[in-house]
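Asks: Okay, handing you the structure first.
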Amino acid sequence: MIEPHAPAPPGTPPSWAGPARLPVRPGTGRFLVLTCVFLCAACGLVYELELVALASYLIGDSVTQTSVVLSVMVFAMGIGSLAAKRLRWRAAAGFGAIEAALALIGGCSAMTLYAVFAWTGEWGGLWGSGPRCLLVAFSLAIGLLIGAEVPLLMELIQRIRRQDAGGAVADLFAADYVGALVGGLAFPFLLLPRLGQLTGTLLTGAVNVVAGGALVLGLFRRDLSHRTRWTLLAVNVTVLAVLATAAALVDDFERAARQAVYGRDVRVAVQTDVQEIVLTGGTRGRPLGLFLDGRLRVSGRDEHRYHEALVQPAMNGPHARVLVLGGGDGLAAREVLRHPGVRRVDVVERDATVVRLARQDPALSALNGHVYGDPRVHVSTADAFGWLRGAPPTAYDVVISDLPDPGITASTKLYSQEFYGLARRVLAADGRLVVHAGPVSSRARAFWTVDTTIRAAGLRTAPYCVGGRDSGFAAGPDRSAGASRALHDWGFVLAAPHTRPPLSLASNGPHPTTLTQTSLRAAARTAAHRRMTGLRVSTLVHPRY
């Protein structure tokens with residue numbers, strides 16, 4: 001709540017000679033300054049959230065990226081506040097210049113970060129770390145400018161009508177915090193779903209420069225020299241022109257950047273409320289590629305090896321009732337339906353758009369054998385963890401966990417002891433669980449943590465791995481790792497309750513397959529050769545990935 005005017009106590013004289021000559025009444029002037037504080041705070045938080053969101057998508061590991069952005073930005077805000085003391089004598093001009101710089105840097109940050117990732121991310125070496133370095137640079141620059149706002153705004157609000165410092169700070173911070181709340185809610189619920197990251201950030205920059213320019217050039221124009229007024233006006237118009245031009249070209253930029261990342265045969269690119277979905281190839285003899293949030297999830301070149309290895313060992317036994325967690329592309333369900341005796345397959349996929357594409361896209365539906373036309377297949381759009389909590393006990397003979405790698409932060413809870421405890425509860429007494437646990441060769445610690453966690457949930461395990469996709473291409477966060485560090489294998493863990501007879505890795509497919517008893521035993525030996533011991537169990541409150 002804005003406090004009424006209270007005279008300041010005697011003390012150090014102010015840094016300005018007298019009250020500002022305003023074109024409006026002092027009360028209206030204070031309201032306009034606090035409105036500008038509100039808008040600038042909203043814009044500042046949008047820049048912060050945009051950096052976190054885009055870095056999580058491009059670089060991966062959202063916890064690390066959030067920590068980097070927040071810590072660097074808060075540190076820089078402190079430095080910016082100290083540096084702004086030198087501008088107090090020319091607070092209006094300094095604030096106008098800072099808002100123009102903040103609008104330009106913050107508004108263009110998403111597009112610049114995406115451009116560096118798209119065109120230099122696969123170069124390797126120093127260039128491979130370009131997005132990470134740029135993330136820190138943007139966090140530092142934006143934090144410095146945001147930190148410089150508050151001291152200057154304090155000077156401006158005191159220029160209108162001097163009051164005690166405590167009251168002025170309370171008014172200023174109240175407007176600042178409410179603006180941060182609005183910006184924090186606007187980003188995920190309005191800007192991101194309706195405009196996307198790039199356009200939303202450019203629009204935020206435009207709001208920022210208009211708010212700062214209007215306050216300084218409109219309310220405090222008499223505090224500026226003739227030359228300063230025209231200079232600030234020219235700078236603000238230039239920044240607005242740059243942001244408007246970028247917004248007009250954003251669709252062309254996105255297409256070009258997407259082609260730089262995925263190649264020129266992108267057929268479908270959809271941003272849902274869950275993730276970005278990209279389909280490439282699948283026509284004219286080119287292999288299909290399905291990317292989720294920049295990560296290659298399905299490649300038509302070798303997906304059959306992955307899904308055979310995932311499904312067939314788990315089907316060696318009773319398999320009338322099968323649950324597929326993830327796998328909205330329908331490819332795991334395709335392998336399941338190749339086995340006689342399957343009566344029902346439940347697919348739990350959190351993104352309905354993936355299922356829609358699996359039904360309707362000609363290339364993807366042909367690859368999955370049009371499984372969603374089979375009356376035995378039933379789809380639920382839900383988070384796998386929440387869905388398992390409401391599932392009936394001992395309802396399934398086989399549970400197939402076809403989920404993203406455990407190293408992706410958003411998937412960590414789906415590789416926890418609690419999750420496997422829920423999966424064990426829905427398994428029949430002689431049922432089996434199989435888990436995609438990520439690559440063994442490049443992420444051995446994560447793979448064996450999955451194995452340790454499954455055993456902690458009361459299941460016996462049989463880990464194995466098979467050769468994966470060609471390492472010549474790695475999308476998303478893996479691009480910066482270089483081809484030599486991309487995936488070379490797929491790791492799986494087959495598990496069953498302790499009440500079952502000993503587990504055996506066996507292929508139970510009725511059709512020709514690349515999996516034989518010999519190859520599965522070799523796959524188990526390959527995994528065992530890299531076994532790591534002494535690892536801790538991953539839980540919801542203590543994730544270990």
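Simple scheme: letters A, B, ... for chains in structure tokens order, numbers from 1 for residues in each chain, numbers from 1 for ligands in the order shown.
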Within 12 Å of A:Arg286, counting only C-alpha atoms, which residues qualify if same-chain residues fewer than 3 places away don't, as a compact mmCIF listing (two decimals) with N, CA and C atoms, in the first residue's frame?
Replies:
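Ended up saving to result.txt:
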```txt
# COMPACT_ATOMS: atom_id res chain seq x y z
N GLY A 263 18.24 -30.39 -39.90
CA GLY A 263 18.35 -30.65 -41.33
C GLY A 263 17.20 -30.00 -42.09
N ARG A 264 17.22 -30.18 -43.40
CA ARG A 264 16.27 -29.46 -44.24
C ARG A 264 14.96 -30.21 -44.47
N ASP A 265 14.82 -31.40 -43.93
CA ASP A 265 13.60 -32.16 -44.19
C ASP A 265 12.65 -32.16 -42.99
N VAL A 266 12.56 -31.02 -42.29
CA VAL A 266 11.60 -30.89 -41.19
C VAL A 266 10.20 -30.83 -41.78
N ARG A 267 9.34 -31.74 -41.36
CA ARG A 267 7.96 -31.78 -41.87
C ARG A 267 6.96 -31.21 -40.88
N LEU A 279 9.14 -33.56 -36.37
CA LEU A 279 9.23 -34.75 -37.22
C LEU A 279 10.03 -34.39 -38.46
N THR A 280 11.02 -35.22 -38.77
CA THR A 280 11.80 -35.02 -39.99
C THR A 280 11.73 -36.29 -40.83
N GLY A 281 11.96 -36.15 -42.12
CA GLY A 281 12.04 -37.29 -43.03
C GLY A 281 10.73 -38.06 -43.08
N GLY A 282 10.86 -39.34 -43.39
CA GLY A 282 9.69 -40.19 -43.50
C GLY A 282 9.04 -40.17 -44.87
N THR A 283 9.63 -39.44 -45.81
CA THR A 283 9.11 -39.37 -47.18
C THR A 283 10.26 -39.55 -48.15
N GLY A 289 12.54 -39.20 -38.37
CA GLY A 289 13.15 -38.80 -37.11
C GLY A 289 12.13 -38.08 -36.24
N SER A 299 14.50 -42.87 -34.45
CA SER A 299 15.15 -42.80 -35.76
C SER A 299 14.70 -44.01 -36.57
N GLY A 300 14.16 -43.75 -37.75
CA GLY A 300 13.70 -44.84 -38.60
C GLY A 300 14.81 -45.79 -38.99
N ARG A 301 16.07 -45.37 -38.85
CA ARG A 301 17.19 -46.24 -39.22
C ARG A 301 17.33 -47.43 -38.27
N ALA A 363 3.81 -41.12 -42.11
CA ALA A 363 5.06 -41.84 -41.92
C ALA A 363 5.13 -42.48 -40.54
```
Asks: Once DSSP has gone over the backbone, tell me which residues of stretch 232-480 of chain A are in helix (DSSP H, G or I), as a PyMOL selection string.
Replies: chain A and resi 232-248+250-262+303-315+331-337+352-360+362-367+371-373+384-389+409-415+417-426+444-456+476-480
Asks: Between A:Val242, A:Leu403, A:Leu70, A:Leu58, which one has atoms that come closest to A:Phe117, using only C-alpha atoms?
Replies: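 Among A:Val242, A:Leu403, A:Leu70, A:Leu58, it is A:Leu58 that comes nearest to A:Phe117.
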Asks: Pick out the residues sitting within 6 Å of stretch 90-97 of chain A, and hand them over as an MDAnalysis selection string; count only C-alpha atoms, and ignore anything fewer than 5 positions along from it in its own chain.
Replies: chainID A and resid 152 212:213 216
Asks: Mind dumping the selected residues with N, CA and C atoms as an mmCIF file, in the first residue's frame?
Replies:
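So part_20.cif came out as:
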```
data_model
loop_
_atom_site.group_PDB
_atom_site.id
_atom_site.type_symbol
_atom_site.label_atom_id
_atom_site.label_comp_id
_atom_site.auth_asym_id
_atom_site.auth_seq_id
_atom_site.Cartn_x
_atom_site.Cartn_y
_atom_site.Cartn_z
ATOM 1 N N LEU A 152 18.098 4.325 -9.054
ATOM 2 C CA LEU A 152 17.707 5.466 -9.879
ATOM 3 C C LEU A 152 16.220 5.781 -9.740
ATOM 4 N N GLY A 212 10.152 2.749 -19.998
ATOM 5 C CA GLY A 212 11.255 3.587 -19.555
ATOM 6 C C GLY A 212 11.334 4.898 -20.316
ATOM 7 N N GLY A 213 11.160 4.828 -21.640
ATOM 8 C CA GLY A 213 11.221 6.050 -22.437
ATOM 9 C C GLY A 213 10.094 7.011 -22.128
ATOM 10 N N VAL A 216 10.787 8.829 -18.695
ATOM 11 C CA VAL A 216 11.857 9.824 -18.702
ATOM 12 C C VAL A 216 11.533 10.976 -19.645
#
```
Asks: Calculated over only C-alpha atoms, which of the candidates A:Gly60, A:Gly285, A:Gly341, A:Gly183 has the smallest distance to A:Pro318?
Replies: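 Result for the nearest residue to A:Pro318: A:Gly341.
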Asks: Of the candidates A:Val311, A:Leu535, A:His542, A:Gln360, which one gets nearest to A:Val435 if we count only C-alpha atoms?
Replies: A:Val311
Asks: Excluding same-chain residues fewer than 3 positions from stretch 446-453 of chain A, what lies within 6 Å of it counting only C-alpha atoms, as number ranges by chain?
Replies: A: 417, 437, 440, 443, 456, 537-538, 545
Asks: So that I have them on file, write out the residues from the current selection with C-alpha atoms, as a CSV table (one decimal), in the first residue's frame.
Replies:
```csv
chain,number,residue,atom,x,y,z
A,417,GLN,CA,12.4,-45.6,-5.8
A,437,ALA,CA,17.7,-46.7,-18.3
A,440,VAL,CA,25.7,-47.5,-20.4
A,443,ARG,CA,26.3,-42.5,-18.6
A,456,ALA,CA,15.6,-51.0,-3.5
A,537,VAL,CA,19.2,-45.0,-4.3
A,538,SER,CA,17.4,-42.2,-6.1
A,545,TYR,CA,21.0,-38.5,-11.5
```
Asks: Name the residues in contact with A:Leu433 at a cut-off of 9 Å, using only C-alpha atoms, excluding same-chain residues fewer than 2 positions from it; report them as JSON, numbers by chain.
Replies: {"A": [314, 397, 398, 399, 400, 401, 423, 424, 427, 431, 435, 459, 493, 494, 495, 496, 497]}
Asks: Keeping only all heavy atoms, write those residues as an mmCIF file, in the first residue's frame.
Replies:
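And here is the file that came out, again02.cif:
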```cif
data_model
loop_
_atom_site.group_PDB
_atom_site.id
_atom_site.type_symbol
_atom_site.label_atom_id
_atom_site.label_comp_id
_atom_site.auth_asym_id
_atom_site.auth_seq_id
_atom_site.Cartn_x
_atom_site.Cartn_y
_atom_site.Cartn_z
ATOM 1 N N ALA A 314 10.846 -58.760 -21.869
ATOM 2 C CA ALA A 314 9.778 -58.653 -20.873
ATOM 3 C C ALA A 314 8.573 -59.501 -21.222
ATOM 4 O O ALA A 314 7.776 -59.845 -20.341
ATOM 5 C CB ALA A 314 9.358 -57.193 -20.717
ATOM 6 N N ASP A 397 0.516 -57.886 -16.397
ATOM 7 C CA ASP A 397 1.541 -58.918 -16.484
ATOM 8 C C ASP A 397 2.892 -58.326 -16.863
ATOM 9 O O ASP A 397 3.938 -58.845 -16.461
ATOM 10 C CB ASP A 397 1.141 -59.961 -17.541
ATOM 11 C CG ASP A 397 -0.184 -60.613 -17.220
ATOM 12 O OD1 ASP A 397 -0.312 -61.151 -16.106
ATOM 13 O OD2 ASP A 397 -1.092 -60.574 -18.067
ATOM 14 N N VAL A 398 2.870 -57.258 -17.647
ATOM 15 C CA VAL A 398 4.108 -56.620 -18.117
ATOM 16 C C VAL A 398 3.936 -55.107 -18.007
ATOM 17 O O VAL A 398 2.900 -54.565 -18.411
ATOM 18 C CB VAL A 398 4.424 -57.005 -19.580
ATOM 19 C CG1 VAL A 398 5.680 -56.270 -20.057
ATOM 20 C CG2 VAL A 398 4.593 -58.508 -19.723
ATOM 21 N N VAL A 399 4.944 -54.444 -17.472
ATOM 22 C CA VAL A 399 5.003 -52.979 -17.449
ATOM 23 C C VAL A 399 6.254 -52.558 -18.200
ATOM 24 O O VAL A 399 7.367 -52.999 -17.863
ATOM 25 C CB VAL A 399 5.024 -52.424 -16.015
ATOM 26 C CG1 VAL A 399 5.202 -50.903 -16.041
ATOM 27 C CG2 VAL A 399 3.750 -52.791 -15.283
ATOM 28 N N ILE A 400 6.086 -51.720 -19.225
ATOM 29 C CA ILE A 400 7.201 -51.262 -20.064
ATOM 30 C C ILE A 400 7.368 -49.764 -19.841
ATOM 31 O O ILE A 400 6.471 -48.982 -20.130
ATOM 32 C CB ILE A 400 6.922 -51.553 -21.552
ATOM 33 C CG1 ILE A 400 6.794 -53.066 -21.768
ATOM 34 C CG2 ILE A 400 8.013 -50.964 -22.434
ATOM 35 C CD1 ILE A 400 6.282 -53.443 -23.143
ATOM 36 N N SER A 401 8.516 -49.378 -19.305
ATOM 37 C CA SER A 401 8.807 -47.971 -19.032
ATOM 38 C C SER A 401 9.659 -47.412 -20.167
ATOM 39 O O SER A 401 10.877 -47.560 -20.184
ATOM 40 C CB SER A 401 9.539 -47.829 -17.692
ATOM 41 O OG SER A 401 9.822 -46.480 -17.409
ATOM 42 N N ALA A 423 5.159 -49.021 -9.655
ATOM 43 C CA ALA A 423 5.149 -49.984 -10.757
ATOM 44 C C ALA A 423 5.080 -51.414 -10.225
ATOM 45 O O ALA A 423 4.386 -52.270 -10.795
ATOM 46 C CB ALA A 423 6.387 -49.792 -11.630
ATOM 47 N N ARG A 424 5.789 -51.694 -9.153
ATOM 48 C CA ARG A 424 5.756 -53.043 -8.561
ATOM 49 C C ARG A 424 4.351 -53.366 -8.052
ATOM 50 O O ARG A 424 3.897 -54.513 -8.150
ATOM 51 C CB ARG A 424 6.773 -53.115 -7.423
ATOM 52 C CG ARG A 424 6.854 -54.477 -6.744
ATOM 53 C CD ARG A 424 7.921 -54.443 -5.664
ATOM 54 N NE ARG A 424 8.085 -55.758 -5.045
ATOM 55 C CZ ARG A 424 7.400 -56.180 -3.998
ATOM 56 N NH1 ARG A 424 6.491 -55.378 -3.445
ATOM 57 N NH2 ARG A 424 7.619 -57.382 -3.495
ATOM 58 N N LEU A 427 2.098 -54.696 -10.765
ATOM 59 C CA LEU A 427 2.529 -55.933 -11.407
ATOM 60 C C LEU A 427 1.850 -57.150 -10.767
ATOM 61 O O LEU A 427 1.668 -57.212 -9.546
ATOM 62 C CB LEU A 427 4.046 -56.109 -11.269
ATOM 63 C CG LEU A 427 4.951 -55.493 -12.333
ATOM 64 C CD1 LEU A 427 6.400 -55.779 -11.978
ATOM 65 C CD2 LEU A 427 4.629 -56.016 -13.716
ATOM 66 N N GLY A 431 4.645 -61.086 -12.834
ATOM 67 C CA GLY A 431 4.831 -60.066 -13.860
ATOM 68 C C GLY A 431 6.271 -59.617 -14.011
ATOM 69 O O GLY A 431 7.163 -60.000 -13.246
ATOM 70 N N VAL A 435 12.746 -51.349 -17.981
ATOM 71 C CA VAL A 435 12.973 -49.911 -17.900
ATOM 72 C C VAL A 435 14.069 -49.507 -18.875
ATOM 73 O O VAL A 435 15.149 -50.115 -18.898
ATOM 74 C CB VAL A 435 13.389 -49.518 -16.462
ATOM 75 C CG1 VAL A 435 13.743 -48.034 -16.400
ATOM 76 C CG2 VAL A 435 12.287 -49.852 -15.476
ATOM 77 N N LEU A 459 12.565 -55.367 -6.173
ATOM 78 C CA LEU A 459 12.564 -56.130 -7.421
ATOM 79 C C LEU A 459 13.952 -56.689 -7.692
ATOM 80 O O LEU A 459 14.964 -56.070 -7.349
ATOM 81 C CB LEU A 459 12.128 -55.239 -8.594
ATOM 82 C CG LEU A 459 10.707 -54.663 -8.520
ATOM 83 C CD1 LEU A 459 10.567 -53.498 -9.493
ATOM 84 C CD2 LEU A 459 9.680 -55.735 -8.842
ATOM 85 N N VAL A 493 16.911 -52.312 -18.032
ATOM 86 C CA VAL A 493 16.897 -53.133 -16.822
ATOM 87 C C VAL A 493 15.596 -53.914 -16.808
ATOM 88 O O VAL A 493 14.508 -53.329 -16.801
ATOM 89 C CB VAL A 493 17.022 -52.285 -15.545
ATOM 90 C CG1 VAL A 493 16.977 -53.187 -14.314
ATOM 91 C CG2 VAL A 493 18.311 -51.467 -15.555
ATOM 92 N N LEU A 494 15.708 -55.233 -16.828
ATOM 93 C CA LEU A 494 14.555 -56.113 -16.696
ATOM 94 C C LEU A 494 14.414 -56.474 -15.226
ATOM 95 O O LEU A 494 15.404 -56.794 -14.564
ATOM 96 C CB LEU A 494 14.752 -57.371 -17.537
ATOM 97 C CG LEU A 494 13.625 -58.409 -17.543
ATOM 98 C CD1 LEU A 494 12.360 -57.828 -18.163
ATOM 99 C CD2 LEU A 494 14.073 -59.658 -18.291
ATOM 100 N N ALA A 495 13.188 -56.408 -14.693
ATOM 101 C CA ALA A 495 13.003 -56.633 -13.257
ATOM 102 C C ALA A 495 11.734 -57.438 -13.016
ATOM 103 O O ALA A 495 10.817 -57.453 -13.844
ATOM 104 C CB ALA A 495 12.925 -55.295 -12.517
ATOM 105 N N ALA A 496 11.692 -58.093 -11.855
ATOM 106 C CA ALA A 496 10.529 -58.891 -11.467
ATOM 107 C C ALA A 496 10.492 -58.976 -9.959
ATOM 108 O O ALA A 496 11.514 -58.797 -9.283
ATOM 109 C CB ALA A 496 10.607 -60.289 -12.079
ATOM 110 N N PRO A 497 9.309 -59.241 -9.374
ATOM 111 C CA PRO A 497 9.227 -59.387 -7.915
ATOM 112 C C PRO A 497 10.098 -60.538 -7.421
ATOM 113 O O PRO A 497 10.380 -61.494 -8.143
ATOM 114 C CB PRO A 497 7.734 -59.672 -7.676
ATOM 115 C CG PRO A 497 7.038 -59.128 -8.893
ATOM 116 C CD PRO A 497 7.987 -59.318 -10.025
#
```
Asks: Could you tell me how far atom CA of A:Phe187 sits from atom CA of A:Glu276, in Å to one decimal place?
Replies: 16.7 Å
Asks: Quick one: residues within 12 Å of A:Leu54, only C-alpha atoms, excluding same-chain residues fewer than 3 positions away - as a PyMOL selection string?
Replies: chain A and resi 46-51+57-62+65-66+69+109-115+117+131-132+134-135+192+196-198+201+275-276+293-294+476-477
Asks: Work out how far atom CA of A:Ala462 is from atom CA of A:Thr518, in Å to one decimal.
Replies: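 Going from atom CA of A:Thr518 over to atom CA of A:Ala462, I get 15.3 Å.
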Asks: Can you tell me, as a ChimeraX atom specification, what residues are no more than 6 Å from A:Gly205 when counting only C-alpha atoms, ignoring any on the same chain fewer than 3 positions away?
Replies: /A:103,107,202,208
Asks: Just the number, please: distance in Å from atom CA of A:Gly369 to atom CA of A:Arg334, one decimal.
Replies: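 Taking atom CA of A:Gly369 as the start and atom CA of A:Arg334 as the end point, the length is 6.4 Å.
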